[in-house]
>>> print(open('coords.txt').read())   # compact mmCIF, C-alpha atoms
# COMPACT_ATOMS: atom_id res chain seq x y z
CA MET A 1 31.15 23.98 25.48
CA GLU A 2 32.86 20.65 26.07
CA THR A 3 35.37 18.91 23.79
CA HIS A 4 36.84 15.43 23.82
CA ALA A 5 40.64 15.30 23.62
CA LYS A 6 40.71 12.10 21.59
CA HIS A 7 38.70 13.50 18.69
CA GLY A 8 39.78 17.15 18.92
CA PRO A 9 38.11 19.70 16.62
CA GLU A 10 35.49 17.22 15.35
CA LEU A 11 33.73 17.29 18.68
CA LYS A 12 33.63 21.07 18.74
CA HIS A 13 30.38 20.71 16.81
CA MET A 14 28.82 19.17 19.90
CA VAL A 15 27.39 21.62 22.42
CA SER A 16 25.97 20.43 25.70
CA HIS A 17 23.67 22.27 28.07
CA ARG A 18 22.59 21.29 31.53
CA VAL A 19 18.85 21.66 31.87
CA LYS A 20 16.98 21.72 35.16
CA TYR A 21 13.80 19.66 35.50
CA PRO A 22 11.22 19.41 38.30
CA GLN A 23 12.13 17.40 41.40
CA GLN A 24 15.82 18.31 40.93
CA MET A 25 16.14 15.97 37.96
CA GLN A 26 18.84 16.93 35.49
CA CYS A 27 19.83 15.68 32.09
CA ARG A 28 22.36 16.70 29.46
CA VAL A 29 21.00 17.79 26.09
CA ILE A 30 23.44 17.30 23.23
CA LEU A 31 22.96 19.34 20.08
CA ILE A 32 24.71 17.85 17.04
CA ASP A 33 25.03 19.86 13.84
CA SER A 34 27.56 17.68 12.03
CA PRO A 35 26.60 14.49 10.13
CA SER A 36 30.17 13.21 10.35
CA LEU A 37 30.12 13.70 14.10
CA LEU A 38 26.90 11.75 14.35
CA LEU A 39 28.49 8.83 12.51
CA LEU A 40 31.53 9.08 14.77
CA LEU A 41 29.39 8.94 17.91
CA GLU A 42 27.41 5.99 16.58
CA SER A 43 30.56 3.97 15.91
CA GLU A 44 32.47 5.11 19.02
CA PHE A 45 29.74 4.88 21.64
CA GLY A 46 27.14 2.63 20.02
CA LEU A 47 24.53 5.38 19.85
CA ALA A 48 21.41 4.37 17.93
CA LYS A 49 20.29 6.38 14.96
CA GLU A 50 17.28 8.58 15.53
CA SER A 51 14.06 7.25 14.05
CA THR A 52 12.41 9.24 11.29
CA VAL A 53 8.81 10.31 11.76
CA LYS A 54 6.73 11.12 8.70
CA ARG A 55 3.37 12.83 8.65
CA GLU A 56 1.12 12.12 5.68
CA GLU A 57 -2.54 12.73 4.99
CA ILE A 58 -5.05 9.87 5.01
CA LEU A 59 -8.42 10.43 3.39
CA TYR A 60 -11.28 8.77 5.32
CA PHE A 61 -14.75 8.30 3.83
CA ASP A 62 -17.81 8.31 6.09
CA THR A 63 -19.31 5.38 4.21
CA PRO A 64 -17.92 2.79 1.79
CA GLY A 65 -19.04 2.58 -1.81
CA LYS A 66 -18.69 3.67 -5.41
CA GLN A 67 -19.54 7.30 -4.61
CA ASN A 68 -15.94 7.58 -3.41
CA THR A 69 -14.38 6.40 -6.67
CA ASP A 70 -13.29 9.74 -8.10
CA GLU A 71 -11.78 10.98 -4.84
CA THR A 72 -9.99 7.66 -4.33
CA ILE A 73 -8.40 7.73 -7.77
CA LYS A 74 -7.46 11.39 -7.36
CA ALA A 75 -5.78 10.77 -3.97
CA ALA A 76 -4.01 7.65 -5.27
CA HIS A 77 -2.70 9.54 -8.30
CA LYS A 78 -1.30 12.34 -6.14
CA ARG A 79 0.46 9.92 -3.81
CA ALA A 80 1.87 7.86 -6.67
CA LYS A 81 3.35 11.01 -8.20
CA ASP A 82 4.75 12.17 -4.85
CA LEU A 83 6.47 8.82 -4.32
CA GLY A 84 7.54 8.36 -7.93
CA LEU A 85 5.68 5.06 -8.27
CA ILE A 86 4.90 3.61 -11.69
CA ASP A 87 2.78 0.48 -11.11
CA ILE A 88 -0.92 0.97 -10.35
CA VAL A 89 -3.12 -2.07 -9.69
CA VAL A 90 -6.88 -1.50 -9.85
CA ALA A 91 -9.76 -3.85 -9.05
CA SER A 92 -12.59 -3.48 -11.53
CA THR A 93 -15.56 -5.75 -12.20
CA SER A 94 -17.32 -4.15 -15.16
CA GLY A 95 -14.28 -2.10 -16.17
CA ASP A 96 -15.78 1.27 -15.22
CA THR A 97 -13.27 1.90 -12.41
CA GLY A 98 -10.42 0.54 -14.52
CA PHE A 99 -11.26 2.93 -17.34
CA LYS A 100 -11.47 5.90 -14.92
CA ALA A 101 -8.06 4.97 -13.52
CA CYS A 102 -6.55 4.81 -17.00
CA GLU A 103 -7.90 8.28 -17.74
CA VAL A 104 -6.15 9.73 -14.68
CA PHE A 105 -2.98 7.62 -14.56
CA ARG A 106 -1.43 8.65 -17.87
CA ASP A 107 2.13 7.40 -18.37
CA PHE A 108 1.76 4.82 -15.58
CA ASN A 109 1.68 1.04 -15.78
CA VAL A 110 -2.01 0.47 -15.00
CA VAL A 111 -3.05 -3.12 -14.35
CA VAL A 112 -6.80 -3.71 -14.13
CA VAL A 113 -7.68 -6.90 -12.23
CA THR A 114 -11.15 -8.27 -12.86
CA HIS A 115 -13.30 -11.03 -11.40
CA HIS A 116 -12.48 -14.42 -12.85
CA ALA A 117 -14.70 -15.68 -15.63
CA GLY A 118 -17.63 -17.58 -14.12
CA PHE A 119 -17.68 -15.53 -10.92
CA GLU A 120 -21.37 -14.77 -11.45
CA LYS A 121 -22.42 -17.11 -14.25
CA PRO A 122 -20.46 -20.09 -15.64
CA GLY A 123 -18.35 -19.18 -18.65
CA GLU A 124 -19.21 -15.46 -18.55
CA SER A 125 -16.98 -12.48 -17.84
CA GLN A 126 -18.38 -9.44 -16.02
CA LEU A 127 -15.94 -7.14 -17.78
CA LEU A 128 -17.90 -5.15 -20.36
CA LYS A 129 -16.41 -5.28 -23.84
CA PRO A 130 -16.59 -1.50 -24.47
CA ASN A 131 -14.68 -0.88 -21.22
CA GLU A 132 -12.15 -3.57 -22.09
CA ASP A 133 -11.50 -1.91 -25.45
CA LYS A 134 -11.13 1.54 -23.88
CA ILE A 135 -8.72 0.28 -21.21
CA ARG A 136 -6.52 -1.46 -23.76
CA SER A 137 -6.60 1.53 -26.13
CA MET A 138 -5.23 3.71 -23.33
CA GLY A 139 -2.36 1.33 -22.63
CA GLY A 140 -3.90 -0.40 -19.62
CA LYS A 141 -3.29 -4.08 -18.97
CA ILE A 142 -6.06 -6.46 -17.94
CA PHE A 143 -5.69 -9.56 -15.79
CA THR A 144 -8.52 -12.06 -15.43
CA GLY A 145 -7.73 -15.19 -13.48
CA ILE A 146 -8.07 -17.19 -10.29
CA HIS A 147 -8.49 -15.02 -7.20
CA GLY A 148 -5.49 -14.81 -4.93
CA LEU A 149 -7.38 -15.32 -1.67
CA SER A 150 -10.03 -17.85 -2.66
CA GLY A 151 -9.63 -19.98 -5.78
CA VAL A 152 -10.21 -23.70 -5.28
CA GLU A 153 -10.78 -23.21 -1.55
CA ARG A 154 -14.06 -21.48 -2.36
CA ALA A 155 -15.22 -24.72 -3.99
CA ILE A 156 -14.43 -26.56 -0.75
CA ARG A 157 -16.60 -24.08 1.17
CA PHE A 158 -19.45 -24.44 -1.32
CA LYS A 159 -19.34 -28.24 -1.34
CA TRP A 160 -18.60 -29.13 2.29
CA ASN A 161 -19.71 -25.96 4.09
CA THR A 162 -16.32 -25.45 5.66
CA ILE A 163 -13.56 -22.90 5.35
CA GLU A 164 -9.88 -23.12 4.48
CA PRO A 165 -6.84 -20.95 5.39
CA GLN A 166 -6.99 -18.62 2.37
CA GLU A 167 -10.50 -17.49 3.16
CA ILE A 168 -9.61 -17.07 6.83
CA ILE A 169 -6.83 -14.70 5.73
CA ALA A 170 -9.32 -12.86 3.52
CA ASP A 171 -11.81 -12.46 6.37
CA ALA A 172 -9.06 -11.23 8.69
CA LEU A 173 -8.09 -8.54 6.17
CA ARG A 174 -11.73 -7.46 5.89
CA ILE A 175 -11.61 -6.08 9.44
CA PHE A 176 -9.90 -3.10 7.80
CA GLY A 177 -12.60 -2.97 5.13
CA ASN A 178 -13.32 -4.99 2.02
CA GLY A 179 -11.19 -2.69 -0.09
CA THR A 180 -8.10 -3.48 1.99
CA LYS A 181 -8.59 -7.19 1.46
CA VAL A 182 -9.03 -6.71 -2.28
CA CYS A 183 -5.98 -4.41 -2.55
CA THR A 184 -3.68 -7.07 -1.10
CA GLU A 185 -5.29 -9.75 -3.23
CA ILE A 186 -4.99 -7.99 -6.58
CA VAL A 187 -1.35 -7.13 -5.92
CA ILE A 188 -0.35 -10.79 -5.59
CA MET A 189 -2.45 -11.61 -8.66
CA ALA A 190 -0.70 -8.92 -10.73
CA ALA A 191 2.69 -10.00 -9.36
CA ASP A 192 2.12 -13.67 -10.20
CA ALA A 193 1.06 -12.67 -13.71
CA GLY A 194 4.33 -10.75 -14.17
CA LEU A 195 2.51 -7.48 -14.81
CA ILE A 196 4.22 -5.37 -12.11
CA GLN A 197 7.74 -4.95 -10.81
CA ILE A 198 8.24 -7.13 -7.75
CA ASP A 199 11.01 -4.96 -6.29
CA LYS A 200 9.15 -1.64 -6.43
CA ASP A 201 6.25 -0.37 -4.34
CA VAL A 202 2.86 -0.18 -6.05
CA VAL A 203 -0.39 1.68 -5.49
CA ALA A 204 -3.40 -0.61 -5.19
CA ILE A 205 -6.96 0.65 -5.62
CA ALA A 206 -10.11 -1.31 -4.74
CA GLY A 207 -13.59 -0.88 -3.33
CA SER A 208 -16.51 -2.34 -1.44
CA GLY A 209 -18.75 -4.15 -3.91
CA SER A 210 -18.30 -1.70 -6.79
CA GLY A 211 -16.29 1.39 -7.55
CA ALA A 212 -13.31 2.35 -5.39
CA ASP A 213 -12.99 3.58 -1.81
CA THR A 214 -9.58 2.27 -0.73
CA ALA A 215 -6.03 2.93 -1.90
CA LEU A 216 -2.83 1.56 -0.36
CA VAL A 217 0.89 1.72 -1.03
CA ILE A 218 2.11 -1.88 -0.98
CA SER A 219 5.44 -3.62 -1.31
CA PRO A 220 4.42 -6.50 -3.60
CA VAL A 221 5.19 -10.20 -3.36
CA HIS A 222 4.20 -13.37 -5.14
CA ALA A 223 1.45 -15.51 -3.66
CA ASN A 224 3.97 -18.09 -2.44
CA ASN A 225 5.55 -15.38 -0.27
CA PHE A 226 2.33 -13.67 0.82
CA PHE A 227 3.32 -13.04 4.44
CA ALA A 228 6.31 -10.97 3.35
CA MET A 229 3.95 -8.39 1.83
CA LYS A 230 4.14 -4.94 3.41
CA VAL A 231 1.30 -2.44 3.45
CA LYS A 232 3.43 0.70 3.53
CA GLU A 233 0.80 3.43 3.52
CA ILE A 234 -2.94 3.96 3.68
CA ILE A 235 -3.89 6.64 1.16
CA CYS A 236 -7.62 6.42 1.79
CA LYS A 237 -10.26 4.06 3.16
CA PRO A 238 -13.80 4.12 4.57
CA LEU A 239 -14.31 4.64 8.29
CA VAL A 240 -16.80 1.77 8.37
CA ARG A 241 -17.20 -1.44 6.43
CA GLU A 242 -20.15 -3.14 4.85
>>> encode(input="coords.txt", output="structure tokens")
Amino acid sequence: METHAKHGPELKHMVSHRVKYPQQMQCRVILIDSPSLLLLLESEFGLAKESTVKREEILYFDTPGKQNTDETIKAAHKRAKDLGLIDIVVASTSGDTGFKACEVFRDFNVVVVTHHAGFEKPGESQLLKPNEDKIRSMGGKIFTGIHGLSGVERAIRFKWNTIEPQEIIADALRIFGNGTKVCTEIVIMAADAGLIQIDKDVVAIAGSGSGADTALVISPVHANNFFAMKVKEIICKPLVRE
């Protein structure tokens, strides 16, 4: 055991061993069992703090699609509870997935984000009225509005057959799967609508076409600060994309 005269008994918690390695290489292994000593060493010698490694499960689906909805919601619910998260943002076109999420996420702030009115036919909403009523009756919130990663730029593409930065961002996100793109999009939509806490992580749930097959833990931002968004965890996603 070695001690350092300057710091006396504090350094008695540090034990060093000389370990032999192949090719006559040697190094000193220091075992530290005192948090206060670790802080002392960091300040005295500029030692960097050890990084923390976490191991978490990720659920991968063989194929994308609505057949994964129940498992996605179940996995997202478990992770939200484990992390103590309150805000859940769910993409839902007809409201079926939104209603299923509300059934599972009791006592959470569930925000169901739909397609904007006119997405399929001018003036019409794709959200079914019975589902809308059920979501609201269970305390869920519904946001219907301009899409965060298209909006007016989609009109430019339709009219002049060109593409603008927002849709380039959307296509780049789709390399991880359509659900990943939609998760990031609905989070900024919910944030801009003031329906989620901006300083707390959220769980976002989305899918590929219909249903749900992707869930992420995201640190939310407003649209005007999009590139500060952090995708903290992948809870589940498909192995392939459509």
>>> closest_residue(input="coords.txt", among="A:Val240, A:Ala117, A:Val202, A:Val112", to="Val217 (chain A)", atoms="all atoms listed in the file")
A:Val202
>>> closest_residue(input="coords.txt", among="A:Ala204, A:Glu153, A:Ala223, A:Lys121", to="Thr72 (chain A)", atoms="all atoms listed in the file")
A:Ala204
>>> atom_distance(input="coords.txt", atom1="CA of Ile58 (chain A)", atom2="CA of Gly177 (chain A)")
14.9 Å
>>> atom_distance(input="coords.txt", atom1="CA of Glu120 (chain A)", atom2="CA of Ile175 (chain A)")
24.6 Å
>>> closest_residue(input="coords.txt", among="A:Leu173, A:Val203, A:Arg136, A:Val182", to="Lys81 (chain A)", atoms="all atoms listed in the file")
A:Val203
>>> residues_around(input="coords.txt", residues="Arg106 (chain A)", least_positions_apart="2", cutoff="12 Å", atoms="only C-alpha atoms", output="list in words")
His77, Ala80, Lys81, Ile86, Asp87, Ile88, Phe99, Lys100, Ala101, Cys102, Glu103, Val104, Phe108, Asn109, Val110, Ile135, Met138, Gly139 and Gly140 of chain A
>>> residues_around(input="coords.txt", residues="Gly209 (chain A)", least_positions_apart="2", cutoff="8 Å", atoms="all atoms listed in the file", output="PyMOL selection string")
chain A and resi 65-66+207+211
>>> atom_distance(input="coords.txt", atom1="CA of Ala91 (chain A)", atom2="CA of Val111 (chain A)")
8.6 Å
>>> closest_residue(input="coords.txt", among="A:Gln197, A:Asn131, A:Ser94, A:Thr63", to="Thr114 (chain A)", atoms="all atoms listed in the file")
A:Ser94
>>> residues_around(input="coords.txt", residues="Gln67 (chain A)", least_positions_apart="5", cutoff="12 Å", atoms="all atoms listed in the file", output="PyMOL selection string")
chain A and resi 61-62+72-73+97+207-214+238
>>> closest_residue(input="coords.txt", among="A:Glu56, A:Gly123, A:Thr144, A:Leu85", to="Ile196 (chain A)", atoms="only C-alpha atoms")
A:Leu85
>>> axis_aligned_box(input="coords.txt", around="region 69-78 of chain A", padding_each_side="4 Å", output="JSON")
{"center_x": -7.8, "center_y": 9.4, "center_z": -6.1, "size_x": 21.1, "size_y": 13.9, "size_z": 12.3}
>>> closest_residue(input="coords.txt", among="A:Arg174, A:His115, A:Lys54, A:Arg79", to="Leu216 (chain A)", atoms="all atoms listed in the file")
A:Arg79
>>> residues_around(input="coords.txt", residues="His222 (chain A)", least_positions_apart="4", cutoff="8 Å", atoms="all atoms listed in the file", output="list in words")
Ile188, Met189, Ala191, Asp192, Ile198 and Phe226 of chain A
>>> decode(input="coords.txt", residues="region 76-100 of chain A", atoms="N, CA and C atoms", output="compact mmCIF listing (two decimals), in the first residue's frame")
# COMPACT_ATOMS: atom_id res chain seq x y z
N ALA A 76 -42.99 1.11 -24.83
CA ALA A 76 -42.89 2.54 -24.54
C ALA A 76 -43.41 2.85 -23.14
N HIS A 77 -44.49 2.19 -22.76
CA HIS A 77 -45.06 2.40 -21.42
C HIS A 77 -44.08 1.96 -20.34
N LYS A 78 -43.47 0.81 -20.53
CA LYS A 78 -42.50 0.31 -19.55
C LYS A 78 -41.33 1.27 -19.39
N ARG A 79 -40.82 1.76 -20.52
CA ARG A 79 -39.65 2.65 -20.45
C ARG A 79 -40.03 4.00 -19.83
N ALA A 80 -41.21 4.49 -20.16
CA ALA A 80 -41.65 5.76 -19.57
C ALA A 80 -41.76 5.64 -18.05
N LYS A 81 -42.28 4.52 -17.58
CA LYS A 81 -42.39 4.30 -16.14
C LYS A 81 -41.01 4.18 -15.50
N ASP A 82 -40.11 3.45 -16.15
CA ASP A 82 -38.76 3.28 -15.62
C ASP A 82 -38.04 4.61 -15.47
N LEU A 83 -38.26 5.50 -16.43
CA LEU A 83 -37.56 6.79 -16.44
C LEU A 83 -38.33 7.89 -15.71
N GLY A 84 -39.56 7.58 -15.31
CA GLY A 84 -40.37 8.58 -14.63
C GLY A 84 -40.83 9.71 -15.53
N LEU A 85 -41.07 9.39 -16.81
CA LEU A 85 -41.49 10.41 -17.78
C LEU A 85 -43.01 10.54 -17.79
N ILE A 86 -43.49 11.72 -18.05
CA ILE A 86 -44.92 12.02 -17.98
C ILE A 86 -45.53 12.26 -19.37
N ASP A 87 -44.78 12.94 -20.24
CA ASP A 87 -45.32 13.35 -21.54
C ASP A 87 -45.12 12.27 -22.59
N ILE A 88 -46.21 11.88 -23.22
CA ILE A 88 -46.20 10.85 -24.27
C ILE A 88 -46.82 11.47 -25.52
N VAL A 89 -46.08 11.47 -26.62
CA VAL A 89 -46.56 12.04 -27.87
C VAL A 89 -46.75 10.91 -28.88
N VAL A 90 -47.95 10.80 -29.42
CA VAL A 90 -48.30 9.67 -30.28
C VAL A 90 -48.83 10.16 -31.62
N ALA A 91 -48.29 9.62 -32.70
CA ALA A 91 -48.83 9.92 -34.03
C ALA A 91 -50.01 8.99 -34.30
N SER A 92 -51.09 9.56 -34.78
CA SER A 92 -52.27 8.74 -35.05
C SER A 92 -53.10 9.41 -36.13
N THR A 93 -53.39 8.68 -37.19
CA THR A 93 -54.15 9.23 -38.31
C THR A 93 -55.66 9.12 -38.06
N SER A 94 -56.15 7.90 -37.89
CA SER A 94 -57.57 7.70 -37.66
C SER A 94 -57.95 7.86 -36.19
N GLY A 95 -56.93 7.77 -35.31
CA GLY A 95 -57.19 7.84 -33.88
C GLY A 95 -57.12 6.48 -33.20
N ASP A 96 -57.01 5.41 -33.99
CA ASP A 96 -56.94 4.07 -33.40
C ASP A 96 -55.73 3.92 -32.48
N THR A 97 -54.56 4.31 -32.98
CA THR A 97 -53.33 4.18 -32.17
C THR A 97 -53.37 5.13 -30.99
N GLY A 98 -53.91 6.32 -31.19
CA GLY A 98 -54.03 7.28 -30.10
C GLY A 98 -54.91 6.75 -28.98
N PHE A 99 -56.02 6.12 -29.36
CA PHE A 99 -56.92 5.55 -28.36
C PHE A 99 -56.25 4.41 -27.60
N LYS A 100 -55.52 3.53 -28.32
CA LYS A 100 -54.81 2.43 -27.67
C LYS A 100 -53.77 2.95 -26.69
